[in-house]
>>> print(open('entry03.pdb').read())   # PDB, C-alpha atoms, pLDDT in the B column
ATOM      1  CA  MET A   1     178.986 -86.678-122.998  1.00 66.00           C
ATOM      2  CA  SER A   2     177.007 -85.055-125.818  1.00 73.00           C
ATOM      3  CA  ALA A   3     179.435 -82.121-125.665  1.00 79.00           C
ATOM      4  CA  TRP A   4     182.335 -84.490-126.347  1.00 80.00           C
ATOM      5  CA  ARG A   5     180.487 -86.113-129.247  1.00 81.00           C
ATOM      6  CA  ASP A   6     179.907 -82.690-130.808  1.00 78.00           C
ATOM      7  CA  LEU A   7     183.580 -81.706-130.713  1.00 85.00           C
ATOM      8  CA  PRO A   8     185.163 -81.396-134.149  1.00 82.00           C
ATOM      9  CA  ASP A   9     187.749 -83.984-135.073  1.00 80.00           C
ATOM     10  CA  ALA A  10     191.355 -82.894-134.651  1.00 77.00           C
ATOM     11  CA  ARG A  11     193.321 -81.886-137.751  1.00 70.00           C
ATOM     12  CA  GLN A  12     195.933 -84.612-138.102  1.00 64.00           C
ATOM     13  CA  GLU A  13     197.580 -83.182-141.187  1.00 64.00           C
ATOM     14  CA  SER A  14     199.197 -80.460-139.083  1.00 70.00           C
ATOM     15  CA  GLY A  15     202.804 -80.931-138.054  1.00 79.00           C
ATOM     16  CA  PHE A  16     203.587 -81.787-134.448  1.00 86.00           C
ATOM     17  CA  GLU A  17     204.899 -78.253-133.972  1.00 83.00           C
ATOM     18  CA  HIS A  18     201.354 -76.927-134.443  1.00 84.00           C
ATOM     19  CA  SER A  19     199.213 -79.538-132.725  1.00 90.00           C
ATOM     20  CA  ARG A  20     198.339 -81.458-129.575  1.00 94.00           C
ATOM     21  CA  CYS A  21     198.365 -85.221-129.158  1.00 95.00           C
ATOM     22  CA  VAL A  22     197.905 -87.321-126.050  1.00 98.00           C
ATOM     23  CA  VAL A  23     200.295 -90.111-125.082  1.00 98.00           C
ATOM     24  CA  LEU A  24     198.541 -92.764-123.038  1.00 97.00           C
ATOM     25  CA  ASP A  25     199.170 -95.840-120.937  1.00 97.00           C
ATOM     26  CA  VAL A  26     196.845 -98.034-118.895  1.00 97.00           C
ATOM     27  CA  GLU A  27     197.088-100.503-116.046  1.00 95.00           C
ATOM     28  CA  THR A  28     194.681-103.429-115.877  1.00 95.00           C
ATOM     29  CA  THR A  29     193.806-106.498-113.833  1.00 92.00           C
ATOM     30  CA  GLY A  30     195.648-108.671-116.338  1.00 89.00           C
ATOM     31  CA  LEU A  31     196.483-109.171-120.000  1.00 86.00           C
ATOM     32  CA  ASN A  32     193.278-110.858-121.185  1.00 89.00           C
ATOM     33  CA  LEU A  33     191.649-108.397-123.589  1.00 90.00           C
ATOM     34  CA  MET A  34     188.197-109.915-123.131  1.00 89.00           C
ATOM     35  CA  LYS A  35     188.058-110.679-119.415  1.00 90.00           C
ATOM     36  CA  ASP A  36     190.369-108.305-117.557  1.00 92.00           C
ATOM     37  CA  THR A  37     189.343-104.790-116.591  1.00 93.00           C
ATOM     38  CA  LEU A  38     190.786-101.307-116.697  1.00 96.00           C
ATOM     39  CA  ILE A  39     192.271-100.054-113.412  1.00 96.00           C
ATOM     40  CA  SER A  40     194.000 -96.805-114.293  1.00 97.00           C
ATOM     41  CA  ILE A  41     194.632 -94.393-117.146  1.00 98.00           C
ATOM     42  CA  GLY A  42     197.690 -92.169-117.314  1.00 98.00           C
ATOM     43  CA  ALA A  43     198.319 -89.613-120.032  1.00 98.00           C
ATOM     44  CA  VAL A  44     200.501 -86.650-120.908  1.00 98.00           C
ATOM     45  CA  ALA A  45     200.039 -84.193-123.757  1.00 98.00           C
ATOM     46  CA  VAL A  46     202.607 -83.318-126.376  1.00 97.00           C
ATOM     47  CA  VAL A  47     201.787 -79.796-127.537  1.00 96.00           C
ATOM     48  CA  ASN A  48     203.717 -78.146-130.364  1.00 93.00           C
ATOM     49  CA  SER A  49     206.378 -80.881-130.157  1.00 93.00           C
ATOM     50  CA  ARG A  50     206.902 -80.391-126.404  1.00 96.00           C
ATOM     51  CA  ILE A  51     205.862 -82.505-123.452  1.00 98.00           C
ATOM     52  CA  VAL A  52     203.583 -80.425-121.225  1.00 98.00           C
ATOM     53  CA  LEU A  53     203.615 -81.897-117.736  1.00 96.00           C
ATOM     54  CA  ALA A  54     200.929 -79.477-116.608  1.00 98.00           C
ATOM     55  CA  ASP A  55     198.693 -81.012-119.277  1.00 98.00           C
ATOM     56  CA  SER A  56     198.626 -84.511-117.851  1.00 98.00           C
ATOM     57  CA  PHE A  57     195.938 -86.870-116.557  1.00 98.00           C
ATOM     58  CA  TYR A  58     195.657 -89.750-114.121  1.00 98.00           C
ATOM     59  CA  VAL A  59     192.696 -91.615-112.730  1.00 98.00           C
ATOM     60  CA  VAL A  60     192.033 -94.897-110.927  1.00 97.00           C
ATOM     61  CA  LEU A  61     188.744 -96.588-111.717  1.00 97.00           C
ATOM     62  CA  GLN A  62     186.885 -98.034-108.765  1.00 96.00           C
ATOM     63  CA  GLN A  63     186.998-101.837-108.807  1.00 94.00           C
ATOM     64  CA  ARG A  64     184.184-104.110-107.634  1.00 90.00           C
ATOM     65  CA  GLU A  65     186.800-106.777-106.961  1.00 89.00           C
ATOM     66  CA  ILE A  66     190.420-105.834-106.417  1.00 88.00           C
ATOM     67  CA  SER A  67     193.024-107.386-108.656  1.00 89.00           C
ATOM     68  CA  ARG A  68     195.137-110.346-107.645  1.00 89.00           C
ATOM     69  CA  LYS A  69     198.110-109.876-105.329  1.00 88.00           C
ATOM     70  CA  GLU A  70     200.620-110.681-108.068  1.00 86.00           C
ATOM     71  CA  ASN A  71     198.954-108.076-110.272  1.00 88.00           C
ATOM     72  CA  ILE A  72     199.145-105.448-107.521  1.00 90.00           C
ATOM     73  CA  LEU A  73     202.866-106.167-107.153  1.00 82.00           C
ATOM     74  CA  ILE A  74     203.293-105.113-110.794  1.00 85.00           C
ATOM     75  CA  HIS A  75     201.286-101.881-110.958  1.00 89.00           C
ATOM     76  CA  GLY A  76     201.468-100.928-107.273  1.00 87.00           C
ATOM     77  CA  ILE A  77     197.808 -99.849-106.996  1.00 92.00           C
ATOM     78  CA  SER A  78     196.736-101.222-103.633  1.00 93.00           C
ATOM     79  CA  GLY A  79     193.391-102.819-102.907  1.00 90.00           C
ATOM     80  CA  SER A  80     192.248 -99.841-100.854  1.00 93.00           C
ATOM     81  CA  VAL A  81     193.128 -97.406-103.671  1.00 92.00           C
ATOM     82  CA  GLN A  82     191.228 -99.584-106.131  1.00 93.00           C
ATOM     83  CA  ARG A  83     188.148 -99.647-103.899  1.00 93.00           C
ATOM     84  CA  GLU A  84     188.267 -95.878-103.371  1.00 95.00           C
ATOM     85  CA  GLY A  85     188.803 -94.979-107.014  1.00 95.00           C
ATOM     86  CA  GLU A  86     186.486 -92.877-109.139  1.00 97.00           C
ATOM     87  CA  THR A  87     183.336 -94.561-110.355  1.00 97.00           C
ATOM     88  CA  PRO A  88     184.124 -95.875-113.834  1.00 97.00           C
ATOM     89  CA  ALA A  89     181.612 -93.601-115.569  1.00 97.00           C
ATOM     90  CA  ASP A  90     182.952 -90.473-113.840  1.00 97.00           C
ATOM     91  CA  ALA A  91     186.564 -91.516-114.477  1.00 98.00           C
ATOM     92  CA  LEU A  92     185.941 -92.078-118.174  1.00 98.00           C
ATOM     93  CA  LEU A  93     183.990 -88.847-118.574  1.00 97.00           C
ATOM     94  CA  ALA A  94     186.908 -87.000-116.987  1.00 97.00           C
ATOM     95  CA  PHE A  95     189.259 -88.731-119.418  1.00 98.00           C
ATOM     96  CA  LEU A  96     187.176 -87.697-122.432  1.00 97.00           C
ATOM     97  CA  GLU A  97     187.037 -84.119-121.170  1.00 96.00           C
ATOM     98  CA  TYR A  98     190.824 -84.083-120.839  1.00 97.00           C
ATOM     99  CA  LEU A  99     191.410 -85.733-124.208  1.00 97.00           C
ATOM    100  CA  GLY A 100     188.943 -83.883-126.369  1.00 95.00           C
ATOM    101  CA  LYS A 101     189.286 -85.476-129.792  1.00 94.00           C
ATOM    102  CA  ASP A 102     193.023 -85.136-130.129  1.00 95.00           C
ATOM    103  CA  PRO A 103     194.872 -88.125-131.592  1.00 95.00           C
ATOM    104  CA  LEU A 104     196.450 -90.701-129.307  1.00 97.00           C
ATOM    105  CA  VAL A 105     199.892 -92.279-129.070  1.00 97.00           C
ATOM    106  CA  ALA A 106     200.864 -95.428-127.180  1.00 98.00           C
ATOM    107  CA  PHE A 107     203.361 -98.288-127.183  1.00 97.00           C
ATOM    108  CA  HIS A 108     201.564-101.454-128.366  1.00 94.00           C
ATOM    109  CA  VAL A 109     198.294 -99.711-129.120  1.00 96.00           C
ATOM    110  CA  LYS A 110     196.086-102.781-129.496  1.00 95.00           C
ATOM    111  CA  PHE A 111     196.015-103.480-125.759  1.00 95.00           C
ATOM    112  CA  ASP A 112     195.467 -99.898-124.589  1.00 96.00           C
ATOM    113  CA  GLU A 113     192.901 -99.156-127.286  1.00 97.00           C
ATOM    114  CA  THR A 114     190.906-102.323-126.662  1.00 96.00           C
ATOM    115  CA  MET A 115     190.741-101.776-122.899  1.00 96.00           C
ATOM    116  CA  ILE A 116     189.757 -98.112-123.298  1.00 97.00           C
ATOM    117  CA  ARG A 117     187.125 -98.836-125.936  1.00 96.00           C
ATOM    118  CA  ARG A 118     185.622-101.701-123.937  1.00 96.00           C
ATOM    119  CA  ALA A 119     185.339 -99.595-120.789  1.00 97.00           C
ATOM    120  CA  ILE A 120     183.854 -96.582-122.575  1.00 97.00           C
ATOM    121  CA  ARG A 121     181.317 -98.747-124.375  1.00 96.00           C
ATOM    122  CA  GLN A 122     180.405-100.548-121.133  1.00 96.00           C
ATOM    123  CA  TYR A 123     180.072 -97.548-118.832  1.00 96.00           C
ATOM    124  CA  LEU A 124     179.207 -94.694-121.189  1.00 96.00           C
ATOM    125  CA  GLY A 125     177.452 -96.560-123.967  1.00 95.00           C
ATOM    126  CA  ILE A 126     179.358 -94.848-126.773  1.00 93.00           C
ATOM    127  CA  SER A 127     181.725 -96.008-129.471  1.00 92.00           C
ATOM    128  CA  PHE A 128     185.213 -94.602-128.972  1.00 94.00           C
ATOM    129  CA  LYS A 129     186.920 -94.235-132.330  1.00 91.00           C
ATOM    130  CA  LEU A 130     189.888 -91.908-132.497  1.00 93.00           C
ATOM    131  CA  SER A 131     193.230 -92.168-134.267  1.00 93.00           C
ATOM    132  CA  TRP A 132     196.057 -94.050-132.560  1.00 96.00           C
ATOM    133  CA  LEU A 133     199.759 -94.077-133.362  1.00 96.00           C
ATOM    134  CA  ASP A 134     201.780 -97.118-132.265  1.00 96.00           C
ATOM    135  CA  LEU A 135     205.389 -96.383-131.391  1.00 97.00           C
ATOM    136  CA  ALA A 136     206.075-100.106-131.118  1.00 95.00           C
ATOM    137  CA  TYR A 137     206.054-100.086-134.942  1.00 94.00           C
ATOM    138  CA  VAL A 138     207.218 -96.545-135.638  1.00 95.00           C
ATOM    139  CA  MET A 139     210.504 -96.983-133.774  1.00 95.00           C
ATOM    140  CA  PRO A 140     211.736-100.086-135.642  1.00 94.00           C
ATOM    141  CA  ALA A 141     210.688 -98.438-138.910  1.00 91.00           C
ATOM    142  CA  LEU A 142     212.960 -95.508-138.051  1.00 92.00           C
ATOM    143  CA  PHE A 143     215.777 -97.607-136.584  1.00 93.00           C
ATOM    144  CA  PRO A 144     215.814-100.873-138.573  1.00 91.00           C
ATOM    145  CA  ASP A 145     219.187-101.922-137.161  1.00 92.00           C
ATOM    146  CA  LEU A 146     217.536-102.274-133.742  1.00 93.00           C
ATOM    147  CA  ILE A 147     214.517-104.326-134.830  1.00 86.00           C
ATOM    148  CA  HIS A 148     215.644-107.632-133.345  1.00 85.00           C
ATOM    149  CA  SER A 149     217.167-106.338-130.123  1.00 89.00           C
ATOM    150  CA  HIS A 150     214.561-103.706-129.209  1.00 93.00           C
ATOM    151  CA  ARG A 151     210.990-104.878-128.792  1.00 89.00           C
ATOM    152  CA  ARG A 152     209.796-103.543-125.425  1.00 92.00           C
ATOM    153  CA  LEU A 153     209.332-100.018-124.159  1.00 93.00           C
ATOM    154  CA  ASP A 154     212.154-100.729-121.692  1.00 93.00           C
ATOM    155  CA  ASP A 155     214.515-101.602-124.544  1.00 95.00           C
ATOM    156  CA  TRP A 156     213.898 -98.356-126.418  1.00 95.00           C
ATOM    157  CA  SER A 157     213.942 -96.281-123.230  1.00 95.00           C
ATOM    158  CA  SER A 158     217.296 -97.730-122.249  1.00 94.00           C
ATOM    159  CA  HIS A 159     218.748 -97.133-125.706  1.00 95.00           C
ATOM    160  CA  PHE A 160     217.792 -93.447-125.670  1.00 95.00           C
ATOM    161  CA  LYS A 161     218.591 -93.016-121.952  1.00 95.00           C
ATOM    162  CA  ILE A 162     214.988 -92.269-121.011  1.00 95.00           C
ATOM    163  CA  ARG A 163     214.621 -92.696-117.271  1.00 90.00           C
ATOM    164  CA  ASN A 164     211.469 -94.190-115.800  1.00 89.00           C
ATOM    165  CA  GLU A 165     211.545 -94.144-112.011  1.00 83.00           C
ATOM    166  CA  ASP A 166     208.125 -95.755-111.584  1.00 79.00           C
ATOM    167  CA  ARG A 167     207.701 -98.452-114.215  1.00 82.00           C
ATOM    168  CA  HIS A 168     204.116 -99.734-114.551  1.00 78.00           C
ATOM    169  CA  ASN A 169     202.692 -96.527-113.181  1.00 91.00           C
ATOM    170  CA  ALA A 170     200.441 -95.386-116.029  1.00 94.00           C
ATOM    171  CA  VAL A 171     201.587 -91.748-115.966  1.00 95.00           C
ATOM    172  CA  ALA A 172     205.273 -92.650-115.688  1.00 94.00           C
ATOM    173  CA  ASP A 173     204.989 -95.052-118.623  1.00 95.00           C
ATOM    174  CA  ALA A 174     203.054 -92.465-120.634  1.00 97.00           C
ATOM    175  CA  LEU A 175     205.811 -89.935-119.943  1.00 97.00           C
ATOM    176  CA  ALA A 176     208.509 -92.385-121.081  1.00 96.00           C
ATOM    177  CA  THR A 177     206.485 -93.074-124.232  1.00 97.00           C
ATOM    178  CA  ALA A 178     206.094 -89.327-124.819  1.00 98.00           C
ATOM    179  CA  GLN A 179     209.873 -88.909-124.655  1.00 97.00           C
ATOM    180  CA  LEU A 180     210.200 -91.705-127.177  1.00 97.00           C
ATOM    181  CA  LEU A 181     207.736 -89.868-129.416  1.00 97.00           C
ATOM    182  CA  LEU A 182     210.001 -86.807-129.348  1.00 96.00           C
ATOM    183  CA  VAL A 183     212.885 -89.001-130.508  1.00 95.00           C
ATOM    184  CA  ALA A 184     210.734 -90.230-133.400  1.00 94.00           C
ATOM    185  CA  ILE A 185     209.650 -86.702-134.326  1.00 93.00           C
ATOM    186  CA  ASP A 186     213.251 -85.482-134.333  1.00 91.00           C
ATOM    187  CA  MET A 187     214.374 -88.444-136.428  1.00 90.00           C
ATOM    188  CA  VAL A 188     211.634 -88.176-139.028  1.00 87.00           C
ATOM    189  CA  ARG A 189     212.162 -84.425-139.461  1.00 82.00           C
ATOM    190  CA  GLN A 190     215.535 -85.204-141.004  1.00 79.00           C
ATOM    191  CA  THR A 191     214.045 -87.076-143.952  1.00 70.00           C
ATOM    192  CA  ARG A 192     210.363 -86.151-144.373  1.00 68.00           C
ATOM    193  CA  ASP A 193     207.437 -84.140-143.032  1.00 66.00           C
ATOM    194  CA  SER A 194     206.922 -84.688-139.316  1.00 70.00           C
ATOM    195  CA  GLY A 195     203.178 -84.646-138.793  1.00 83.00           C
ATOM    196  CA  TYR A 196     201.040 -87.208-136.996  1.00 87.00           C
ATOM    197  CA  ASN A 197     199.815 -88.645-140.305  1.00 86.00           C
ATOM    198  CA  ASP A 198     203.400 -88.950-141.523  1.00 87.00           C
ATOM    199  CA  LEU A 199     204.267 -91.183-138.588  1.00 90.00           C
ATOM    200  CA  ARG A 200     201.052 -93.163-139.073  1.00 90.00           C
ATOM    201  CA  SER A 201     202.042 -93.748-142.684  1.00 89.00           C
ATOM    202  CA  LEU A 202     205.441 -94.962-141.512  1.00 88.00           C
ATOM    203  CA  GLU A 203     203.743 -97.269-139.009  1.00 91.00           C
ATOM    204  CA  ARG A 204     201.468 -98.783-141.681  1.00 89.00           C
ATOM    205  CA  THR A 205     204.399 -99.284-144.045  1.00 86.00           C
ATOM    206  CA  TYR A 206     206.278-101.192-141.359  1.00 85.00           C
ATOM    207  CA  HIS A 207     203.191-103.318-140.603  1.00 76.00           C
ATOM    208  CA  TYR A 208     202.897-104.460-144.205  1.00 73.00           C
ATOM    209  CA  ALA A 209     206.622-104.874-144.797  1.00 72.00           C
ATOM    210  CA  SER A 210     207.020-107.011-141.673  1.00 70.00           C
ATOM    211  CA  GLY A 211     203.903-109.085-142.336  1.00 64.00           C
ATOM    212  CA  LYS A 212     202.216-107.791-139.181  1.00 57.00           C
ATOM    213  CA  GLY A 213     199.542-105.753-140.923  1.00 52.00           C
TER     214      GLY A 213
END
>>> encode(input="entry03.pdb", output="structure tokens")
Amino acid sequence: MSAWRDLPDARQESGFEHSRCVVLDVETTGLNLMKDTLISIGAVAVVNSRIVLADSFYVVLQQREISRKENILIHGISGSVQREGETPADALLAFLEYLGKDPLVAFHVKFDETMIRRAIRQYLGISFKLSWLDLAYVMPALFPDLIHSHRRLDDWSSHFKIRNEDRHNAVADALATAQLLLVAIDMVRQTRDSGYNDLRSLERTYHYASGKG
């Protein structure tokens, strides 16, 4: 854990064609940010503007109590798999080793970030503060004509013909989000610099303009 703390922060001013970021998704016992718990983390890296499937990550955290039946029907992680998962501390250490300190990307960041930060603070006793980019705000900033009709990851995936054969599997959703990121990178290259910070600036602008910031 000390080795992770000592890692230098990633350079976010570099363009996507010369950097690595990690696209992440999580599955949980529910949608309550304060009471529900983290079940799984799925991630895939985008390196030099390309999705690298070999550079992916998936882990199930061992649960003291398995999630409700209706919750299992959504994410498909059975009770036995939840009981036999990695101990939370080991799972989160493995995640940090995979991630390094590269910046993160997700769709609706607040939920994923809160669940990850809570778990890391609870089981590892450290504060997890890295940069996050939220495609839920980047995409409507880039495609304003679709703001009202495209709100969910499924909406954007369908529009850009991104197939997701295993919806609500954390890795599958991370992969779909990563493909959406490539769409955003390609779009923004046509009008401005296409680095991570450039998309974050676009995200912040949309937040303020829409009154969501």
>>> residues_around(input="entry03.pdb", residues="Tyr137 of chain A", least_positions_apart="2", cutoff="12 Å", atoms="all atoms listed in the file", output="number ranges by chain")
A: 105-110, 132-135, 139-144, 146-147, 150-153, 156, 181, 184, 199-213
>>> write_last_selection(input="entry03.pdb", atoms="C-alpha atoms", output="mmCIF file, keeping the file's coordinate frame")
data_model
loop_
_atom_site.group_PDB
_atom_site.id
_atom_site.type_symbol
_atom_site.label_atom_id
_atom_site.label_comp_id
_atom_site.auth_asym_id
_atom_site.auth_seq_id
_atom_site.Cartn_x
_atom_site.Cartn_y
_atom_site.Cartn_z
ATOM 1 C CA VAL A 105 199.892 -92.279 -129.070
ATOM 2 C CA ALA A 106 200.864 -95.428 -127.180
ATOM 3 C CA PHE A 107 203.361 -98.288 -127.183
ATOM 4 C CA HIS A 108 201.564 -101.454 -128.366
ATOM 5 C CA VAL A 109 198.294 -99.711 -129.120
ATOM 6 C CA LYS A 110 196.086 -102.781 -129.496
ATOM 7 C CA TRP A 132 196.057 -94.050 -132.560
ATOM 8 C CA LEU A 133 199.759 -94.077 -133.362
ATOM 9 C CA ASP A 134 201.780 -97.118 -132.265
ATOM 10 C CA LEU A 135 205.389 -96.383 -131.391
ATOM 11 C CA MET A 139 210.504 -96.983 -133.774
ATOM 12 C CA PRO A 140 211.736 -100.086 -135.642
ATOM 13 C CA ALA A 141 210.688 -98.438 -138.910
ATOM 14 C CA LEU A 142 212.960 -95.508 -138.051
ATOM 15 C CA PHE A 143 215.777 -97.607 -136.584
ATOM 16 C CA PRO A 144 215.814 -100.873 -138.573
ATOM 17 C CA LEU A 146 217.536 -102.274 -133.742
ATOM 18 C CA ILE A 147 214.517 -104.326 -134.830
ATOM 19 C CA HIS A 150 214.561 -103.706 -129.209
ATOM 20 C CA ARG A 151 210.990 -104.878 -128.792
ATOM 21 C CA ARG A 152 209.796 -103.543 -125.425
ATOM 22 C CA LEU A 153 209.332 -100.018 -124.159
ATOM 23 C CA TRP A 156 213.898 -98.356 -126.418
ATOM 24 C CA LEU A 181 207.736 -89.868 -129.416
ATOM 25 C CA ALA A 184 210.734 -90.230 -133.400
ATOM 26 C CA LEU A 199 204.267 -91.183 -138.588
ATOM 27 C CA ARG A 200 201.052 -93.163 -139.073
ATOM 28 C CA SER A 201 202.042 -93.748 -142.684
ATOM 29 C CA LEU A 202 205.441 -94.962 -141.512
ATOM 30 C CA GLU A 203 203.743 -97.269 -139.009
ATOM 31 C CA ARG A 204 201.468 -98.783 -141.681
ATOM 32 C CA THR A 205 204.399 -99.284 -144.045
ATOM 33 C CA TYR A 206 206.278 -101.192 -141.359
ATOM 34 C CA HIS A 207 203.191 -103.318 -140.603
ATOM 35 C CA TYR A 208 202.897 -104.460 -144.205
ATOM 36 C CA ALA A 209 206.622 -104.874 -144.797
ATOM 37 C CA SER A 210 207.020 -107.011 -141.673
ATOM 38 C CA GLY A 211 203.903 -109.085 -142.336
ATOM 39 C CA LYS A 212 202.216 -107.791 -139.181
ATOM 40 C CA GLY A 213 199.542 -105.753 -140.923
#
>>> closest_residue(input="entry03.pdb", among="A:Ala119, A:Ile126, A:Val23, A:Val171", to="Ile51 of chain A", atoms="only C-alpha atoms")
A:Val23
>>> closest_residue(input="entry03.pdb", among="A:Asn197, A:Gln190, A:Ser149, A:Thr29", to="Asn71 of chain A", atoms="only C-alpha atoms")
A:Thr29
>>> closest_residue(input="entry03.pdb", among="A:Leu93, A:Val183, A:Ala3, A:Ala170", to="Ile41 of chain A", atoms="all atoms listed in the file")
A:Ala170
>>> closest_residue(input="entry03.pdb", among="A:Ile39, A:Ser127, A:Gln179, A:Gly30", to="Gly85 of chain A", atoms="only C-alpha atoms")
A:Ile39
>>> closest_residue(input="entry03.pdb", among="A:Leu73, A:Leu180, A:Ala174, A:Met115", to="His159 of chain A", atoms="all atoms listed in the file")
A:Leu180
>>> atom_distance(input="entry03.pdb", atom1="atom CA of Ser56 of chain A", atom2="atom CA of Leu33 of chain A")
25.5 Å
>>> resolve_selection(input="entry03.pdb", expression="the PyMOL selection byres ((chain A and resi 49) around 9)", output="PDB file with C-alpha atoms, keeping the file's coordinate frame")
ATOM      1  CA  GLY A  15     202.804 -80.931-138.054  1.00 79.00           C
ATOM      2  CA  PHE A  16     203.587 -81.787-134.448  1.00 86.00           C
ATOM      3  CA  GLU A  17     204.899 -78.253-133.972  1.00 83.00           C
ATOM      4  CA  HIS A  18     201.354 -76.927-134.443  1.00 84.00           C
ATOM      5  CA  SER A  19     199.213 -79.538-132.725  1.00 90.00           C
ATOM      6  CA  ARG A  20     198.339 -81.458-129.575  1.00 94.00           C
ATOM      7  CA  VAL A  46     202.607 -83.318-126.376  1.00 97.00           C
ATOM      8  CA  VAL A  47     201.787 -79.796-127.537  1.00 96.00           C
ATOM      9  CA  ASN A  48     203.717 -78.146-130.364  1.00 93.00           C
ATOM     10  CA  ARG A  50     206.902 -80.391-126.404  1.00 96.00           C
ATOM     11  CA  ILE A  51     205.862 -82.505-123.452  1.00 98.00           C
ATOM     12  CA  LEU A 182     210.001 -86.807-129.348  1.00 96.00           C
ATOM     13  CA  ILE A 185     209.650 -86.702-134.326  1.00 93.00           C
TER      14      ILE A 185
END
>>> resolve_selection(input="entry03.pdb", expression="the PyMOL selection byres ((chain A and resi 62) around 12)", output="ChimeraX atom specification")
/A:28,37-41,59-61,63-67,77-92
>>> atom_distance(input="entry03.pdb", atom1="atom CA of Ala45 of chain A", atom2="atom CA of Ser14 of chain A")
15.8 Å
>>> atom_distance(input="entry03.pdb", atom1="atom CA of Ser158 of chain A", atom2="atom CA of Pro103 of chain A")
26.1 Å
>>> closest_residue(input="entry03.pdb", among="A:Leu99, A:Ala43, A:Val26, A:Ala176", to="Leu7 of chain A", atoms="all atoms listed in the file")
A:Leu99
>>> axis_aligned_box(input="entry03.pdb", around="segment 45-61 of chain A", padding_each_side="3 Å", output="AutoDock Vina command-line options")
--center_x 197.8 --center_y -87.4 --center_z -120.6 --size_x 24.2 --size_y 24.4 --size_z 25.4
